[in-house]
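First comes the structure, then the notes that go with it.
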Amino acid sequence: MSAGSVRDPATPAAGTPSPAGTGAAGTSPASSTSGLRTPSLPPWGVPAVVAGIAVLTGLLVLATPLGGRTATVVVFALLLVVVQTALSLAVEGRRRATDRLVTTSVVLAFLLALLPLFSVLEYTATRGIHRFDVDFFYRSQRSIGARDPGGGAYHALLGTVEQVGIATLIAVPFGLLVAVYVVEYGRGRLAATIRFFVDVMTGIPSIVAGLFVLSFWILGLRMGFSGFAAALALTVLMLPIIVRSAEEMLRLVPSSLREASLALGVPRWKTILRIVLPTALPGIVTGVMLAVSRVMGETAPVLLTAFGAASIVRDPFRGGPQSSLPLFIYQQAGDAQQTAVDRAWTAALTLILLVMLLNLLARLVTRRSTIGR
Amino acid sequence: MSLGALPPVPTDPADVRPGSGDGGPRPASLPLRTSGSGTAEPRGDRVFRGLSVSAGVALLLLIVAIALFLVVRAVPALRADTAGFLSSTGWDPNALPPRFGIVALAFGTVLSSLLALAMALPVALGVALFISHYAPRRIAGPLGYVVDLLAAVPSVVFGLWGISYLNVPLAGVSRFLAEHLGWFPLFARAADDVYTRSLFLASVVLAIMILPIIASLSREVFLQVPATNQEAALALGATRWEMVRTAVLPFARPGVIGATMLGLGRALGETIAVAIVLSPAFVVSLSVLQPNSGNTIAANIALAFAEASATGRGALIASGLVLFVITLLVNVVARAVVSRRREFTGGAL
């Protein structure tokens with residue numbers, strides 16, 4: 001049993017900051033056995049243990065009234081951890097046993113984190129596919145009750161597009177200017193204060209942004225619920241995200257570019273507009289898209305500011321209450337009728353698809369970037 | 001128009017500090033000046049600088065305005081309150097006379113968030129470690145992206161999933177816990193044996209939602225640990241876990257604390273998922289497994305908003321102000337912890 005190596009001699013050799021390996025790492029085969037080497041599990045030890053536990057779990061599930069997917073997985077994981085640690089403890093000693101225990105736990109933690117993701121995606125897809133039809137994207141909920149079949153989310157989609165669009169139009173120039181100030185002009189206490197509060201602002205709960213627009217715009221200025229009010233709330237949420245990402249991207253632009261431009265006599269503002277911003281553009285676009293995908297799913301601030309409506313409202317400024325996709329989900333899901341719940345799931349599927357598409361596009365844009373990662 | 005003029009002369013060494021590599025100290029002023037152009041910066045520069053400065057100041061004003069307007073709208077409702085806002089648990093602001101207090105809501109908010117944190121933190125750290133130090137390097141990047149996707153799922157979808165998928169199985173787990181560990185205050189048994197739509201369910205959903213946040217921020221910190229530290233530990237004969245424990249975790253601790261606080265802040269303010277899954281009640285109770293054993297500030301705002309009177313809206317805004325202050329405190333502490341670390345190591349979070 002002593003064919004294994006002493007603790008990973010090969011791993012740090014490559015000089016990588018993060019020694020990589022599979023879950024079964026640590027048992028790279030060594031050439032010879034000598035008295036200096038501590039005994040270790042053979043390379044096939046871990047797969048063998050995993051296979052053994054799998055068989056054991058299968059027998060347990062068959063023989064006892066355990067049943068259920070979840071229970072099976074839990075039993076398998078627990079048995080694996082216990083048996084492997086015990087074996088390792090007996091053969092290799094305490095230190096390697098701890099190491100193996102941690103490795104297994106870390107892998108299990110990762111798998112555990114994936115469970116809800118796949119569950120949400122799978123469940124949304126299977127439930128949402130029922131109403132994923134033409135009507136859903138073509139009709140509104142006008143004069144459609146909770147029990148009625150049909151109906152759609154056209155009005156909600158329109159609301160989402162308008163609200164997020166307006167919010168983006170306000171937040172992007174504003175946020176870029178703040179980022180330019182912080183990176184290019186900012187110094188001293190003011191810049192530090194702004195940076196700090198941008199950080200703090202990312203932590204403002206979305207409902208507070210909604211409450212702010214409610215008390216300022218709707219109750220204070222008596223403007224009433226509208227898509228524009230929702231856009232204002234979403235702007236508050238988008239701003240810090242855009243400032244942070246743009247700031248990071250601007251910092252990545254090499255100072256030699258700026259210096260070259262300034263040395264040619266180009267004024268500072270033109271240098272920023274023509275040299276710095278275009279260089280950082282792909283990264284900035286990515287940040288904007290991530291911010292858009294983030295606020296697109298916000299329900300609470302929209303509930304407080306646009307309130308929701310069943311019919312199509314085209315005018316976000318004077319049209320009165322407007323719906324949005326997440327708000328549509330929330331309100332349809334609140335009905336006990338299956339037809340309404342079906343609509344909610346289809347809207348959820350649509351929303352997830354939109355958000356993931358934006359995320360994917362954002363990554364693709366980054367890949368084309370010449371600076372950054 | 002200004003091509004003849006010199007670029008604006010930085011009056012402060014810190015003025016020109018863009019980019020990652022700053023080329024050392026600069027002369028405070030250049031010896032050369034074109035005659036006649038004076039010291040004024042070109043007009044385009046003045047305008048652009050003015051614009052960006054005012055954008056920065058406007059952002060600060062925005063934050064002040066948020067606090068200010070919440071206070072202005074909250075005060076009339078608080079005046080009308082006949083129960084103590086900071087001392088009573090009930091919530092009846094639409095009644096005449098209005099009676100409401102924040103205690104039950106604040107308690108439920110903090111309790112559910114702490115529970116969520118307790119569940120999410122170990123898993124998130126495991127995920128972060130897996131991606132930064134355990135997964136094969138080639139697939140570590142894509143795996144990290146998959147975990148980030150979890151953060152992209154909108155909260156309303158998590159709420160919908162929580163109520164229609166997770167609710168019943170989790171009630172089974174709750175029943176098991178209550179029957180076997182019922183002596184523990186958190187796991188108190190329900191008299192009617194009902195365990196659905198509990199604060200525990202809300203906490204689990206919150207935990208799932210904050211997990212990717214903590215995981216991705218911690219991962220960034222773990223990746224910044226200097227390779228030399230880790231190689232030194234390995235060279236001294238440490239196993240991988242000993243290397244992580246002695247070289248990675250101490251270095252990353254402030255960053256992890258900051259990430260945890262940010263996750264906590266997110267959990268405190270999460271609204272719609274909790275509003276969907278929770279069966280709320282205005283009580284201070286530790287029995288999180290049972291329905292009607294608590295409520296959170298944010299969820300209550302979403303649930304009570306539609307039917308609120310003028311005073312009711314004021315009361316909700318007042319509760320939002322409390323939430324704002326709590327999350328502000330958590331975030332300020334988090335940022336302070338993180339930035340103190342940045343001073344020492346020059347890393348970025």
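Please note that chains go A, B, ... in the order of the structure tokens, that every chain numbers its residues from 1, and that ligands are numbered from 1 in the order shown.
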
Subject >> Neighbour list for A:Ala77 as a VMD selection string, cut-off 12 Å, only C-alpha atoms, skip fewer than 3 positions in-chain >> reply: chain A and resid 49 to 50 53 to 54 56 to 57 70 to 74 80 to 84 101 104 to 109 111 to 112

Please produce an output containing N, CA and C atoms for each residue in the selection, written as a PDB file, in the first residue's frame.
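The resulting file, selection.pdb, is shown below:
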ATOM      1  N   VAL A  49     -13.211   3.475  -3.592  1.00  0.00           N
ATOM      2  CA  VAL A  49     -14.071   3.813  -2.448  1.00  0.00           C
ATOM      3  C   VAL A  49     -15.388   4.384  -2.953  1.00  0.00           C
ATOM      4  N   VAL A  50     -15.304   5.318  -3.932  1.00  0.00           N
ATOM      5  CA  VAL A  50     -16.519   5.940  -4.458  1.00  0.00           C
ATOM      6  C   VAL A  50     -17.449   4.875  -5.034  1.00  0.00           C
ATOM      7  N   ILE A  53     -19.001   2.763  -2.249  1.00  0.00           N
ATOM      8  CA  ILE A  53     -20.061   3.481  -1.534  1.00  0.00           C
ATOM      9  C   ILE A  53     -21.317   3.562  -2.388  1.00  0.00           C
ATOM     10  N   ALA A  54     -21.114   3.739  -3.692  1.00  0.00           N
ATOM     11  CA  ALA A  54     -22.275   3.824  -4.581  1.00  0.00           C
ATOM     12  C   ALA A  54     -23.073   2.533  -4.515  1.00  0.00           C
ATOM     13  N   LEU A  56     -23.038   0.338  -2.098  1.00  0.00           N
ATOM     14  CA  LEU A  56     -23.586   0.230  -0.744  1.00  0.00           C
ATOM     15  C   LEU A  56     -24.855   1.070  -0.609  1.00  0.00           C
ATOM     16  N   THR A  57     -24.788   2.304  -1.151  1.00  0.00           N
ATOM     17  CA  THR A  57     -25.957   3.179  -1.090  1.00  0.00           C
ATOM     18  C   THR A  57     -27.128   2.553  -1.838  1.00  0.00           C
ATOM     19  N   THR A  70     -33.377  12.763  -2.901  1.00  0.00           N
ATOM     20  CA  THR A  70     -32.592  13.557  -1.966  1.00  0.00           C
ATOM     21  C   THR A  70     -31.945  12.675  -0.912  1.00  0.00           C
ATOM     22  N   ALA A  71     -32.739  11.781  -0.341  1.00  0.00           N
ATOM     23  CA  ALA A  71     -32.219  10.917   0.713  1.00  0.00           C
ATOM     24  C   ALA A  71     -31.064  10.084   0.188  1.00  0.00           C
ATOM     25  N   THR A  72     -31.203   9.556  -1.023  1.00  0.00           N
ATOM     26  CA  THR A  72     -30.141   8.746  -1.608  1.00  0.00           C
ATOM     27  C   THR A  72     -28.844   9.530  -1.713  1.00  0.00           C
ATOM     28  N   VAL A  73     -28.960  10.739  -2.234  1.00  0.00           N
ATOM     29  CA  VAL A  73     -27.768  11.565  -2.415  1.00  0.00           C
ATOM     30  C   VAL A  73     -27.125  11.880  -1.068  1.00  0.00           C
ATOM     31  N   VAL A  74     -27.960  12.213  -0.090  1.00  0.00           N
ATOM     32  CA  VAL A  74     -27.425  12.562   1.231  1.00  0.00           C
ATOM     33  C   VAL A  74     -26.704  11.365   1.837  1.00  0.00           C
ATOM     34  N   LEU A  80     -19.662   8.409   1.938  1.00  0.00           N
ATOM     35  CA  LEU A  80     -18.399   8.668   1.258  1.00  0.00           C
ATOM     36  C   LEU A  80     -17.429   9.379   2.196  1.00  0.00           C
ATOM     37  N   VAL A  81     -17.897  10.439   2.808  1.00  0.00           N
ATOM     38  CA  VAL A  81     -17.030  11.216   3.681  1.00  0.00           C
ATOM     39  C   VAL A  81     -16.532  10.351   4.829  1.00  0.00           C
ATOM     40  N   VAL A  82     -17.450   9.622   5.460  1.00  0.00           N
ATOM     41  CA  VAL A  82     -17.078   8.848   6.643  1.00  0.00           C
ATOM     42  C   VAL A  82     -16.106   7.725   6.277  1.00  0.00           C
ATOM     43  N   VAL A  83     -16.449   6.926   5.257  1.00  0.00           N
ATOM     44  CA  VAL A  83     -15.626   5.763   4.925  1.00  0.00           C
ATOM     45  C   VAL A  83     -14.246   6.188   4.431  1.00  0.00           C
ATOM     46  N   GLN A  84     -14.241   7.179   3.557  1.00  0.00           N
ATOM     47  CA  GLN A  84     -12.951   7.599   3.016  1.00  0.00           C
ATOM     48  C   GLN A  84     -12.044   8.142   4.109  1.00  0.00           C
ATOM     49  N   LEU A 101     -10.468  14.661   3.617  1.00  0.00           N
ATOM     50  CA  LEU A 101     -11.791  15.071   4.094  1.00  0.00           C
ATOM     51  C   LEU A 101     -12.153  16.437   3.509  1.00  0.00           C
ATOM     52  N   THR A 104     -12.822  16.258  -0.321  1.00  0.00           N
ATOM     53  CA  THR A 104     -14.161  15.725  -0.598  1.00  0.00           C
ATOM     54  C   THR A 104     -15.237  16.750  -0.258  1.00  0.00           C
ATOM     55  N   SER A 105     -15.092  17.415   0.886  1.00  0.00           N
ATOM     56  CA  SER A 105     -16.111  18.384   1.297  1.00  0.00           C
ATOM     57  C   SER A 105     -16.210  19.524   0.293  1.00  0.00           C
ATOM     58  N   VAL A 106     -15.058  19.970  -0.189  1.00  0.00           N
ATOM     59  CA  VAL A 106     -15.054  21.095  -1.125  1.00  0.00           C
ATOM     60  C   VAL A 106     -15.765  20.707  -2.429  1.00  0.00           C
ATOM     61  N   VAL A 107     -15.468  19.489  -2.900  1.00  0.00           N
ATOM     62  CA  VAL A 107     -16.141  19.034  -4.119  1.00  0.00           C
ATOM     63  C   VAL A 107     -17.640  18.915  -3.874  1.00  0.00           C
ATOM     64  N   LEU A 108     -18.008  18.357  -2.725  1.00  0.00           N
ATOM     65  CA  LEU A 108     -19.431  18.206  -2.416  1.00  0.00           C
ATOM     66  C   LEU A 108     -20.116  19.572  -2.299  1.00  0.00           C
ATOM     67  N   ALA A 109     -19.416  20.535  -1.708  1.00  0.00           N
ATOM     68  CA  ALA A 109     -19.995  21.879  -1.586  1.00  0.00           C
ATOM     69  C   ALA A 109     -20.294  22.451  -2.964  1.00  0.00           C
ATOM     70  N   LEU A 111     -20.876  20.751  -5.742  1.00  0.00           N
ATOM     71  CA  LEU A 111     -22.018  20.046  -6.332  1.00  0.00           C
ATOM     72  C   LEU A 111     -23.323  20.508  -5.679  1.00  0.00           C
ATOM     73  N   LEU A 112     -23.263  20.723  -4.361  1.00  0.00           N
ATOM     74  CA  LEU A 112     -24.449  21.180  -3.636  1.00  0.00           C
ATOM     75  C   LEU A 112     -24.916  22.535  -4.159  1.00  0.00           C
TER      76      LEU A 112
END

**OP:** Enumerate the residues of stretch 106-230 of chain A with a DSSP assignment of helix (DSSP H, G or I), computed from the backbone, and present them as a PyMOL selection string.
**Re:** chain A and resi 106-131+134-138+154-185+188-202+206-220+227-230

Preceding selection exported with C-alpha atoms as a tab-separated table (two decimals), in the first residue's frame:
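out-v3.tsv, written as the output of this step:
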chain	number	residue	atom	x	y	z
A	106	VAL	CA	-15.05	21.10	-1.13
A	107	VAL	CA	-16.14	19.03	-4.12
A	108	LEU	CA	-19.43	18.21	-2.42
A	109	ALA	CA	-20.00	21.88	-1.59
A	110	PHE	CA	-19.58	22.74	-5.23
A	111	LEU	CA	-22.02	20.05	-6.33
A	112	LEU	CA	-24.45	21.18	-3.64
A	113	ALA	CA	-24.31	24.73	-4.98
A	114	LEU	CA	-25.12	23.50	-8.47
A	115	LEU	CA	-28.26	21.66	-7.31
A	116	PRO	CA	-30.53	24.71	-6.90
A	117	LEU	CA	-29.30	26.21	-10.17
A	118	PHE	CA	-30.20	23.14	-12.19
A	119	SER	CA	-33.37	22.60	-10.23
A	120	VAL	CA	-34.56	26.16	-10.90
A	121	LEU	CA	-33.66	25.98	-14.57
A	122	GLU	CA	-35.22	22.57	-15.11
A	123	TYR	CA	-38.38	23.36	-13.16
A	124	THR	CA	-38.88	26.71	-14.87
A	125	ALA	CA	-38.38	25.16	-18.29
A	126	THR	CA	-40.83	22.31	-17.73
A	127	ARG	CA	-43.49	24.50	-16.13
A	128	GLY	CA	-43.00	27.44	-18.44
A	129	ILE	CA	-43.20	25.56	-21.71
A	130	HIS	CA	-47.01	25.13	-21.46
A	131	ARG	CA	-47.83	28.68	-22.36
A	134	VAL	CA	-47.65	33.08	-29.84
A	135	ASP	CA	-50.54	34.40	-27.76
A	136	PHE	CA	-48.28	34.90	-24.79
A	137	PHE	CA	-46.02	37.32	-26.62
A	138	TYR	CA	-48.80	38.91	-28.61
A	154	TYR	CA	-46.99	41.61	-24.22
A	155	HIS	CA	-47.79	44.59	-21.99
A	156	ALA	CA	-45.28	43.40	-19.41
A	157	LEU	CA	-42.54	42.87	-21.97
A	158	LEU	CA	-43.18	46.30	-23.38
A	159	GLY	CA	-43.04	47.78	-19.89
A	160	THR	CA	-39.75	46.03	-19.12
A	161	VAL	CA	-38.18	47.23	-22.35
A	162	GLU	CA	-39.32	50.82	-21.82
A	163	GLN	CA	-38.39	51.01	-18.15
A	164	VAL	CA	-35.00	49.35	-18.52
A	165	GLY	CA	-34.32	51.35	-21.69
A	166	ILE	CA	-35.00	54.70	-20.04
A	167	ALA	CA	-33.02	53.70	-16.97
A	168	THR	CA	-30.07	52.74	-19.20
A	169	LEU	CA	-30.28	56.02	-21.11
A	170	ILE	CA	-30.04	57.97	-17.87
A	171	ALA	CA	-27.63	55.77	-15.94
A	172	VAL	CA	-25.00	55.16	-18.62
A	173	PRO	CA	-23.94	58.78	-19.34
A	174	PHE	CA	-24.29	59.71	-15.67
A	175	GLY	CA	-22.34	56.69	-14.51
A	176	LEU	CA	-19.63	57.13	-17.13
A	177	LEU	CA	-19.12	60.76	-16.14
A	178	VAL	CA	-18.77	59.76	-12.50
A	179	ALA	CA	-16.28	57.05	-13.44
A	180	VAL	CA	-14.32	59.52	-15.59
A	181	TYR	CA	-14.22	61.94	-12.70
A	182	VAL	CA	-13.03	59.32	-10.24
A	183	VAL	CA	-10.33	57.91	-12.52
A	184	GLU	CA	-9.20	60.87	-14.63
A	185	TYR	CA	-9.79	63.98	-12.57
A	188	GLY	CA	-8.24	64.09	-2.61
A	189	ARG	CA	-11.15	63.74	-0.33
A	190	LEU	CA	-14.00	64.25	-2.80
A	191	ALA	CA	-12.92	61.40	-5.07
A	192	ALA	CA	-12.36	59.09	-2.12
A	193	THR	CA	-15.79	59.99	-0.75
A	194	ILE	CA	-17.46	59.33	-4.08
A	195	ARG	CA	-15.71	56.00	-4.46
A	196	PHE	CA	-16.74	54.99	-0.98
A	197	PHE	CA	-20.36	55.94	-1.51
A	198	VAL	CA	-20.52	54.22	-4.87
A	199	ASP	CA	-19.45	51.08	-3.03
A	200	VAL	CA	-22.03	51.69	-0.35
A	201	MET	CA	-24.68	52.41	-2.96
A	202	THR	CA	-24.24	48.96	-4.50
A	206	SER	CA	-33.72	47.51	-4.32
A	207	ILE	CA	-36.86	48.10	-2.30
A	208	VAL	CA	-35.27	51.19	-0.75
A	209	ALA	CA	-34.63	52.57	-4.23
A	210	GLY	CA	-38.31	52.01	-4.93
A	211	LEU	CA	-39.32	53.70	-1.70
A	212	PHE	CA	-37.11	56.67	-2.55
A	213	VAL	CA	-38.79	57.24	-5.91
A	214	LEU	CA	-42.15	56.67	-4.26
A	215	SER	CA	-41.57	59.36	-1.66
A	216	PHE	CA	-39.76	61.77	-3.98
A	217	TRP	CA	-41.49	61.42	-7.34
A	218	ILE	CA	-44.89	59.93	-6.64
A	219	LEU	CA	-45.82	61.27	-3.22
A	220	GLY	CA	-43.60	64.36	-3.23
A	227	GLY	CA	-43.14	53.46	-16.20
A	228	PHE	CA	-40.86	56.45	-15.92
A	229	ALA	CA	-41.01	56.35	-12.13
A	230	ALA	CA	-39.93	52.71	-12.32

Original post:
From the list A:Leu358, A:Ala309, A:Met289, A:Ile242, which residue is nearest A:Phe225 when using only C-alpha atoms?
Top reply: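 Among A:Leu358, A:Ala309, A:Met289, A:Ile242, it is A:Ala309 that comes nearest to A:Phe225.
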
Original post:
Separation of atom CA of B:Leu125 and atom CA of A:Ala86, in Å?
Top reply: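 Computed distance, atom CA of B:Leu125 to atom CA of A:Ala86, equals 24.3 Å.
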
Subject >> Contacts of B:Leu201 at 9 Å (only C-alpha atoms; same-chain gap of 4+ positions) as a list in words >> reply: Gly162, Ile163, Leu166, Asn167, Leu170, Ala171, Thr196, Arg197, Val205, Leu206, Val274, Val277, Leu278, Val288 and Leu289 of chain B

**OP:** Tell me which protein, DNA and RNA residues are within 8 Å of stretch 87-100 of chain A, counting only C-alpha atoms, leaving out same-chain ones fewer than 3 positions away, and put them as a list in words.
**Re:**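 Residues near the query, excluding close chain neighbours: Arg7, Thr38, Pro39, Ser40, Leu41, Val83, Gln84, Thr103 and Thr104 of chain A; Thr239, Arg240, Trp241 and Glu242 of chain B.
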
Since we have the selection now, will you write its residues out, keeping N, CA and C atoms, as a PDB file, in the first residue's frame?
ATOM      1  N   ARG A   7       2.931  13.582   0.067  1.00  0.00           N
ATOM      2  CA  ARG A   7       2.161  14.776  -0.266  1.00  0.00           C
ATOM      3  C   ARG A   7       2.594  15.597  -1.480  1.00  0.00           C
ATOM      4  N   THR A  38       5.724   7.959   3.695  1.00  0.00           N
ATOM      5  CA  THR A  38       4.633   7.505   4.542  1.00  0.00           C
ATOM      6  C   THR A  38       3.697   6.672   3.687  1.00  0.00           C
ATOM      7  N   PRO A  39       3.044   5.716   4.288  1.00  0.00           N
ATOM      8  CA  PRO A  39       2.111   4.905   3.503  1.00  0.00           C
ATOM      9  C   PRO A  39       0.961   5.757   3.002  1.00  0.00           C
ATOM     10  N   SER A  40       0.467   5.423   1.826  1.00  0.00           N
ATOM     11  CA  SER A  40      -0.634   6.212   1.293  1.00  0.00           C
ATOM     12  C   SER A  40      -1.554   5.322   0.479  1.00  0.00           C
ATOM     13  N   LEU A  41      -2.787   5.770   0.303  1.00  0.00           N
ATOM     14  CA  LEU A  41      -3.743   4.996  -0.488  1.00  0.00           C
ATOM     15  C   LEU A  41      -3.260   4.931  -1.924  1.00  0.00           C
ATOM     16  N   VAL A  83     -16.449   6.926   5.257  1.00  0.00           N
ATOM     17  CA  VAL A  83     -15.626   5.763   4.925  1.00  0.00           C
ATOM     18  C   VAL A  83     -14.246   6.188   4.431  1.00  0.00           C
ATOM     19  N   GLN A  84     -14.241   7.179   3.557  1.00  0.00           N
ATOM     20  CA  GLN A  84     -12.951   7.599   3.016  1.00  0.00           C
ATOM     21  C   GLN A  84     -12.044   8.142   4.109  1.00  0.00           C
ATOM     22  N   THR A 103     -10.840  17.907   0.826  1.00  0.00           N
ATOM     23  CA  THR A 103     -11.013  17.827  -0.626  1.00  0.00           C
ATOM     24  C   THR A 103     -12.414  17.337  -0.978  1.00  0.00           C
ATOM     25  N   THR A 104     -12.822  16.258  -0.321  1.00  0.00           N
ATOM     26  CA  THR A 104     -14.161  15.725  -0.598  1.00  0.00           C
ATOM     27  C   THR A 104     -15.237  16.750  -0.258  1.00  0.00           C
TER      28      THR A 104
ATOM     29  N   THR B 239       0.320  19.553   3.413  1.00  0.00           N
ATOM     30  CA  THR B 239      -0.659  18.997   2.480  1.00  0.00           C
ATOM     31  C   THR B 239      -1.431  20.164   1.878  1.00  0.00           C
ATOM     32  N   ARG B 240      -2.280  19.865   0.922  1.00  0.00           N
ATOM     33  CA  ARG B 240      -2.981  20.966   0.268  1.00  0.00           C
ATOM     34  C   ARG B 240      -3.847  21.738   1.280  1.00  0.00           C
ATOM     35  N   TRP B 241      -4.531  20.991   2.137  1.00  0.00           N
ATOM     36  CA  TRP B 241      -5.385  21.658   3.112  1.00  0.00           C
ATOM     37  C   TRP B 241      -4.550  22.491   4.084  1.00  0.00           C
ATOM     38  N   GLU B 242      -3.398  21.968   4.482  1.00  0.00           N
ATOM     39  CA  GLU B 242      -2.552  22.741   5.395  1.00  0.00           C
ATOM     40  C   GLU B 242      -2.045  24.004   4.713  1.00  0.00           C
TER      41      GLU B 242
END

**OP:** Have a look at atom CA of A:Leu232 and atom CA of A:Pro321 and let me know their distance in Å, one decimal.
**Re:**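 So the two atoms, atom CA of A:Leu232 and atom CA of A:Pro321, lie 14.2 Å apart.
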
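In this model, the gap between atom CA of A:Arg244 and atom CA of A:Gly287 comes to 8.5 Å.
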
Show which residues sit within 12 Å of B:Pro98, as a JSON list (two decimals) with N, CA and C atoms, in the first residue's frame. Count only C-alpha atoms, and ignore same-chain residues fewer than 6 positions away.
[["chain", "number", "residue", "atom", "x", "y", "z"],
["B", 76, "PRO", "N", -44.37, 62.10, 9.32],
["B", 76, "PRO", "CA", -45.80, 62.25, 9.64],
["B", 76, "PRO", "C", -46.43, 60.96, 10.15],
["B", 77, "ALA", "N", -46.06, 59.84, 9.52],
["B", 77, "ALA", "CA", -46.62, 58.57, 9.96],
["B", 77, "ALA", "C", -46.14, 58.24, 11.36],
["B", 78, "LEU", "N", -44.87, 58.52, 11.62],
["B", 78, "LEU", "CA", -44.34, 58.22, 12.95],
["B", 78, "LEU", "C", -45.02, 59.09, 14.01],
["B", 79, "ARG", "N", -45.33, 60.33, 13.64],
["B", 79, "ARG", "CA", -46.06, 61.22, 14.56],
["B", 79, "ARG", "C", -47.42, 60.63, 14.90],
["B", 80, "ALA", "N", -48.07, 60.05, 13.88],
["B", 80, "ALA", "CA", -49.42, 59.55, 14.08],
["B", 80, "ALA", "C", -49.45, 58.23, 14.83],
["B", 81, "ASP", "N", -48.29, 57.59, 14.91],
["B", 81, "ASP", "CA", -48.22, 56.28, 15.55],
["B", 81, "ASP", "C", -48.56, 56.38, 17.03],
["B", 82, "THR", "N", -49.52, 55.55, 17.47],
["B", 82, "THR", "CA", -49.88, 55.61, 18.89],
["B", 82, "THR", "C", -49.17, 54.55, 19.70],
["B", 83, "ALA", "N", -48.51, 53.62, 19.03],
["B", 83, "ALA", "CA", -47.65, 52.68, 19.75],
["B", 83, "ALA", "C", -46.21, 53.14, 19.52],
["B", 84, "GLY", "N", -45.29, 52.65, 20.31],
["B", 84, "GLY", "CA", -43.90, 53.06, 20.11],
["B", 84, "GLY", "C", -43.34, 52.37, 18.88],
["B", 85, "PHE", "N", -42.79, 53.16, 17.94],
["B", 85, "PHE", "CA", -42.27, 52.57, 16.70],
["B", 85, "PHE", "C", -41.10, 51.64, 16.98],
["B", 90, "GLY", "N", -46.53, 44.97, 16.92],
["B", 90, "GLY", "CA", -47.66, 44.87, 15.99],
["B", 90, "GLY", "C", -47.48, 45.77, 14.77],
["B", 91, "TRP", "N", -48.31, 45.56, 13.75],
["B", 91, "TRP", "CA", -48.21, 46.39, 12.55],
["B", 91, "TRP", "C", -49.62, 46.64, 12.05],
["B", 92, "ASP", "N", -50.20, 47.79, 12.46],
["B", 92, "ASP", "CA", -51.56, 48.11, 12.05],
["B", 92, "ASP", "C", -51.66, 49.58, 11.71],
["B", 308, "ALA", "N", -52.20, 49.91, 1.41],
["B", 308, "ALA", "CA", -51.83, 50.85, 2.46],
["B", 308, "ALA", "C", -52.53, 52.20, 2.27],
["B", 309, "SER", "N", -52.96, 52.79, 3.39],
["B", 309, "SER", "CA", -53.48, 54.15, 3.37],
["B", 309, "SER", "C", -52.30, 55.11, 3.35],
["B", 310, "ALA", "N", -52.60, 56.41, 3.43],
["B", 310, "ALA", "CA", -51.51, 57.39, 3.44],
["B", 310, "ALA", "C", -50.57, 57.14, 4.62],
["B", 311, "THR", "N", -51.16, 56.97, 5.81],
["B", 311, "THR", "CA", -50.34, 56.68, 6.97],
["B", 311, "THR", "C", -49.64, 55.33, 6.80],
["B", 312, "GLY", "N", -50.34, 54.39, 6.18],
["B", 312, "GLY", "CA", -49.75, 53.08, 5.97],
["B", 312, "GLY", "C", -48.51, 53.17, 5.10],
["B", 313, "ARG", "N", -48.58, 53.97, 4.05],
["B", 313, "ARG", "CA", -47.41, 54.14, 3.20],
["B", 313, "ARG", "C", -46.28, 54.81, 3.97],
["B", 314, "GLY", "N", -46.64, 55.81, 4.77],
["B", 314, "GLY", "CA", -45.63, 56.46, 5.59],
["B", 314, "GLY", "C", -44.96, 55.46, 6.52],
["B", 315, "ALA", "N", -45.78, 54.58, 7.09],
["B", 315, "ALA", "CA", -45.23, 53.58, 8.01],
["B", 315, "ALA", "C", -44.30, 52.63, 7.27]]

Skipping near chain neighbours, those fewer than 5 positions away, what residues fall within 12 Å of B:Leu121 using only C-alpha atoms, listed as an mmCIF file with C-alpha atoms, in the first residue's frame?
data_model
loop_
_atom_site.group_PDB
_atom_site.id
_atom_site.type_symbol
_atom_site.label_atom_id
_atom_site.label_comp_id
_atom_site.auth_asym_id
_atom_site.auth_seq_id
_atom_site.Cartn_x
_atom_site.Cartn_y
_atom_site.Cartn_z
ATOM 1 C CA ALA A 109 -19.995 21.879 -1.586
ATOM 2 C CA ALA A 113 -24.309 24.729 -4.978
ATOM 3 C CA SER B 113 -30.617 36.785 7.111
ATOM 4 C CA LEU B 114 -28.347 35.331 9.774
ATOM 5 C CA LEU B 115 -29.825 31.875 9.201
ATOM 6 C CA ALA B 116 -29.287 32.293 5.462
ATOM 7 C CA GLY B 126 -16.219 25.503 -0.383
ATOM 8 C CA VAL B 127 -17.292 26.576 -3.858
ATOM 9 C CA ALA B 128 -14.771 29.416 -3.901
ATOM 10 C CA LEU B 206 -32.080 33.623 0.715
ATOM 11 C CA ALA B 207 -29.106 31.345 1.285
ATOM 12 C CA ILE B 208 -29.278 30.128 -2.312
ATOM 13 C CA MET B 209 -29.455 33.713 -3.509
ATOM 14 C CA ILE B 210 -26.479 35.043 -1.550
ATOM 15 C CA LEU B 211 -24.316 31.963 -2.116
ATOM 16 C CA PRO B 212 -23.016 33.016 -5.568
ATOM 17 C CA ILE B 213 -22.247 36.528 -4.288
ATOM 18 C CA ILE B 214 -20.105 35.312 -1.405
ATOM 19 C CA ALA B 215 -18.575 32.589 -3.564
ATOM 20 C CA SER B 216 -17.479 34.818 -6.433
ATOM 21 C CA LEU B 217 -16.064 37.573 -4.196
ATOM 22 C CA SER B 218 -14.197 35.051 -2.046
ATOM 23 C CA VAL B 256 -13.899 36.911 2.951
ATOM 24 C CA ILE B 257 -15.332 38.934 5.829
ATOM 25 C CA ALA B 259 -17.800 39.278 0.994
ATOM 26 C CA THR B 260 -19.804 37.799 3.857
ATOM 27 C CA MET B 261 -21.048 41.199 4.938
ATOM 28 C CA LEU B 262 -22.045 42.036 1.378
ATOM 29 C CA GLY B 263 -23.967 38.778 1.200
ATOM 30 C CA LEU B 264 -25.607 39.612 4.502
#
